[in-house]
Structures are given as C-alpha cells and as structure tokens.
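For reference, upload.cif is printed below; it contains mmCIF, C-alpha atoms.
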data_input
#
loop_
_atom_site.label_atom_id
_atom_site.label_comp_id
_atom_site.auth_asym_id
_atom_site.auth_seq_id
_atom_site.Cartn_x
_atom_site.Cartn_y
_atom_site.Cartn_z
CA MET A 1 0.00 0.00 0.00
CA LEU A 2 1.20 3.48 -0.80
CA LEU A 3 0.07 5.94 1.88
CA ILE A 4 0.21 9.57 0.84
CA VAL A 5 1.31 11.51 3.94
CA GLU A 6 0.85 15.25 3.50
CA PRO A 7 1.66 18.21 5.72
CA THR A 8 -1.55 19.51 7.29
CA GLY A 9 -2.83 22.65 5.59
CA GLN A 10 -0.97 21.94 2.36
CA ARG A 11 -4.16 21.51 0.34
CA GLU A 12 -5.49 24.92 1.40
CA GLU A 13 -2.13 26.64 0.82
CA ARG A 14 -1.86 25.17 -2.68
CA GLY A 15 -5.02 26.89 -3.90
CA LEU A 16 -7.81 25.67 -6.16
CA GLN A 17 -6.08 25.63 -9.55
CA ALA A 18 -2.85 24.01 -8.30
CA GLY A 19 -4.90 21.59 -6.23
CA GLN A 20 -6.95 20.55 -9.25
CA GLU A 21 -3.76 19.96 -11.26
CA ALA A 22 -2.22 17.90 -8.45
CA TYR A 23 -5.40 15.83 -8.24
CA ALA A 24 -5.41 15.33 -12.02
CA GLN A 25 -1.79 14.08 -11.82
CA MET A 26 -2.80 11.59 -9.13
CA GLN A 27 -5.78 10.42 -11.20
CA ARG A 28 -3.51 9.83 -14.20
CA PHE A 29 -1.09 7.91 -11.96
CA GLY A 30 -3.97 5.73 -10.70
CA ALA A 31 -5.29 5.14 -14.22
CA ASP A 32 -1.81 4.06 -15.33
CA LEU A 33 -1.55 1.62 -12.40
CA GLN A 34 -4.98 0.22 -13.26
CA ALA A 35 -4.03 -0.19 -16.93
CA LYS A 36 -0.97 -2.19 -15.80
CA GLY A 37 -3.14 -4.41 -13.59
CA LEU A 38 -1.41 -3.20 -10.42
CA LEU A 39 -4.20 -1.20 -8.75
CA ALA A 40 -6.48 -2.92 -6.24
CA GLY A 41 -7.99 0.31 -4.88
CA ALA A 42 -7.34 4.01 -4.30
CA ASN A 43 -9.00 6.96 -2.61
CA SER A 44 -8.33 10.46 -1.45
CA LEU A 45 -9.07 11.03 2.22
CA ALA A 46 -10.51 14.08 3.97
CA ALA A 47 -8.20 16.10 6.18
CA SER A 48 -10.27 15.50 9.30
CA GLY A 49 -11.94 12.49 10.79
CA VAL A 50 -13.03 10.95 14.06
CA ARG A 51 -10.94 8.73 16.31
CA LEU A 52 -12.82 6.02 18.17
CA GLN A 53 -11.68 4.12 21.24
CA MET A 54 -13.68 1.66 23.30
CA ARG A 55 -12.95 2.07 27.01
CA GLU A 56 -14.77 0.11 29.68
CA GLY A 57 -17.60 -0.64 27.25
CA ARG A 58 -18.06 3.01 26.24
CA ARG A 59 -17.24 4.75 22.98
CA VAL A 60 -14.79 7.62 23.25
CA LEU A 61 -14.81 9.85 20.16
CA THR A 62 -12.32 12.57 19.32
CA ASP A 63 -13.15 14.80 16.38
CA GLY A 64 -10.34 15.93 14.10
CA PRO A 65 -8.39 17.65 12.90
CA PHE A 66 -6.09 16.50 15.65
CA ALA A 67 -4.03 19.32 17.16
CA GLU A 68 -0.91 17.23 17.65
CA ALA A 69 -0.83 16.16 14.00
CA LYS A 70 1.74 17.75 11.72
CA GLU A 71 0.87 15.38 8.89
CA MET A 72 -2.22 13.63 7.63
CA VAL A 73 -2.84 10.57 5.52
CA GLY A 74 -4.26 12.18 2.41
CA GLY A 75 -4.97 9.05 0.42
CA TYR A 76 -3.76 5.64 -0.60
CA PHE A 77 -3.13 3.29 -3.49
CA LEU A 78 -3.57 -0.40 -2.74
CA LEU A 79 -1.36 -2.34 -5.14
CA ASN A 80 -1.01 -5.88 -6.40
CA CYS A 81 2.73 -6.09 -6.89
CA GLN A 82 5.50 -8.63 -6.49
CA GLY A 83 7.29 -7.14 -3.51
CA ARG A 84 9.07 -4.25 -1.85
CA ASP A 85 11.34 -3.34 -4.77
CA GLU A 86 8.43 -3.10 -7.21
CA ALA A 87 6.38 -1.10 -4.68
CA LEU A 88 9.29 1.32 -4.16
CA ALA A 89 9.70 1.75 -7.92
CA ILE A 90 6.00 2.54 -8.24
CA ALA A 91 6.17 4.93 -5.25
CA ALA A 92 9.02 6.81 -6.94
CA GLU A 93 6.72 7.43 -9.93
CA CYS A 94 3.88 8.76 -7.75
CA PRO A 95 3.37 12.49 -8.35
CA ALA A 96 2.71 13.04 -4.62
CA ALA A 97 6.33 12.12 -3.87
CA GLN A 98 7.13 15.65 -5.15
CA TRP A 99 5.04 17.41 -2.48
CA ALA A 100 4.36 14.80 0.21
CA THR A 101 5.79 11.57 1.58
CA VAL A 102 4.80 8.26 0.03
CA GLU A 103 4.96 5.59 2.70
CA VAL A 104 5.23 2.02 1.40
CA ARG A 105 3.54 -0.51 3.69
CA GLU A 106 3.01 -4.22 3.19
CA VAL A 107 -0.47 -5.51 3.89
CA ALA A 108 -0.01 -8.22 6.51
CA PRO A 109 -1.91 -10.01 9.25
CA CYS A 110 -2.03 -8.42 12.71
CA TYR A 111 -0.36 -11.50 14.14
CA VAL A 112 1.27 -14.67 12.94
CA ASN A 113 0.31 -18.10 14.27
#
Would you encode the structure as structure tokens?
Amino acid sequence: MLLIVEPTGQREERGLQAGQEAYAQMQRFGADLQAKGLLAGANSLAASGVRLQMREGRRVLTDGPFAEAKEMVGGYFLLNCQGRDEALAIAAECPAAQWATVEVREVAPCYVN
C-alpha cells in the first residue's frame, strides 16, 4: 500500500487551480496503475476524521483535525505487486512524492500463528 502523507494545511495553501492539477496528476497515476493491472484500490481522504476508542464498554470519540498532528494521511493506493522493490519503484513514480511523503507498507496479518 502506498500511503500519501501530507503536511496539514498543504491543500489549502496550494489553492484551487494548483490543487486541481495535483489531483489530475494523481488520477492519471492511478489510471496508469490500473491499466498495468497493479491497482487494487485508491482513494483520497478528507483532512479531518473521528478517532474512536472503546474504554470500559463506552465509545470515546475525538473529532479531528487533531491538534498534535503535523501530517495527515491524504490518500492511498492499494497495489497488487511482487514485492518491496516493485512497490518502491512505483512509489518513486507517484506524483505526490514531489510534495508529500509516500509511505510504502506491506499488507499483513495483525499477528502470525
């Protein structure tokens, strides 16, 4: 999975026209991955969200944006690729690597038996 980790506020600072061009670049990148049979899923994510914790049988909700955050996960591309090297090569082609951090993470079980 490629996680797009952006500085908070970057989208607003970029402005509408530059933001639309950045989004178009990301859409072209996704379409190219899909054409190559590598894309399993992708989405842009909103800057804010809600954190949920269950404590002593009660829901604890914290609305975002979260003050301590300096970065946000702005989106992801879920890939079908052969391994780390291929994922890193794809990440290097991602337009967001020019203005954000592209974190490469392997999808794996939470625990191993």
Practice task
Find the residues with any atom within 9 Å of (3.5, 5.0, -7.2); use all atoms listed in the file and the coordinates as given in the file, and write the answer as number ranges by chain.
Solution key: A: 2, 29-30, 33, 77, 87-97, 102
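Of note, atom CA of Ala47 of chain A and atom CA of Lys70 of chain A are spaced 11.5 Å apart.
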Inset, instruction - Pull the neighbourhood of (-4.7, 22.8, 7.1) for me: all residues within 10 Å in file coordinates, counting all atoms listed in the file, as a ChimeraX atom specification. - result: /A:7-13,47-48,65,70-72
note - atom CA of Arg105 of chain A and atom CA of Cys81 of chain A are separated by 12.0 Å
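The shortest atom-to-atom distance to Gln27 of chain A, with all atoms listed in the file taken into account, belongs to A:Ser44 out of A:Gln82, A:Thr101, A:Ser44, A:Thr62.
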The PyMOL selection byres ((chain A and resi 107) around 12) applied to the shown file, residues as a PDB file with C-alpha atoms, in the coordinates of the input:
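As a result, part.pdb now contains:
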ATOM      1  CA  MET A   1       0.000   0.000   0.000  1.00  0.00           C
ATOM      2  CA  LEU A   2       1.200   3.480  -0.800  1.00  0.00           C
ATOM      3  CA  LEU A   3       0.070   5.940   1.880  1.00  0.00           C
ATOM      4  CA  PHE A  77      -3.130   3.290  -3.490  1.00  0.00           C
ATOM      5  CA  LEU A  78      -3.570  -0.400  -2.740  1.00  0.00           C
ATOM      6  CA  LEU A  79      -1.360  -2.340  -5.140  1.00  0.00           C
ATOM      7  CA  ASN A  80      -1.010  -5.880  -6.400  1.00  0.00           C
ATOM      8  CA  CYS A  81       2.730  -6.090  -6.890  1.00  0.00           C
ATOM      9  CA  GLY A  83       7.290  -7.140  -3.510  1.00  0.00           C
ATOM     10  CA  ARG A  84       9.070  -4.250  -1.850  1.00  0.00           C
ATOM     11  CA  ALA A  87       6.380  -1.100  -4.680  1.00  0.00           C
ATOM     12  CA  VAL A 104       5.230   2.020   1.400  1.00  0.00           C
ATOM     13  CA  ARG A 105       3.540  -0.510   3.690  1.00  0.00           C
ATOM     14  CA  GLU A 106       3.010  -4.220   3.190  1.00  0.00           C
ATOM     15  CA  ALA A 108      -0.010  -8.220   6.510  1.00  0.00           C
ATOM     16  CA  PRO A 109      -1.910 -10.010   9.250  1.00  0.00           C
ATOM     17  CA  CYS A 110      -2.030  -8.420  12.710  1.00  0.00           C
ATOM     18  CA  TYR A 111      -0.360 -11.500  14.140  1.00  0.00           C
TER      19      TYR A 111
END
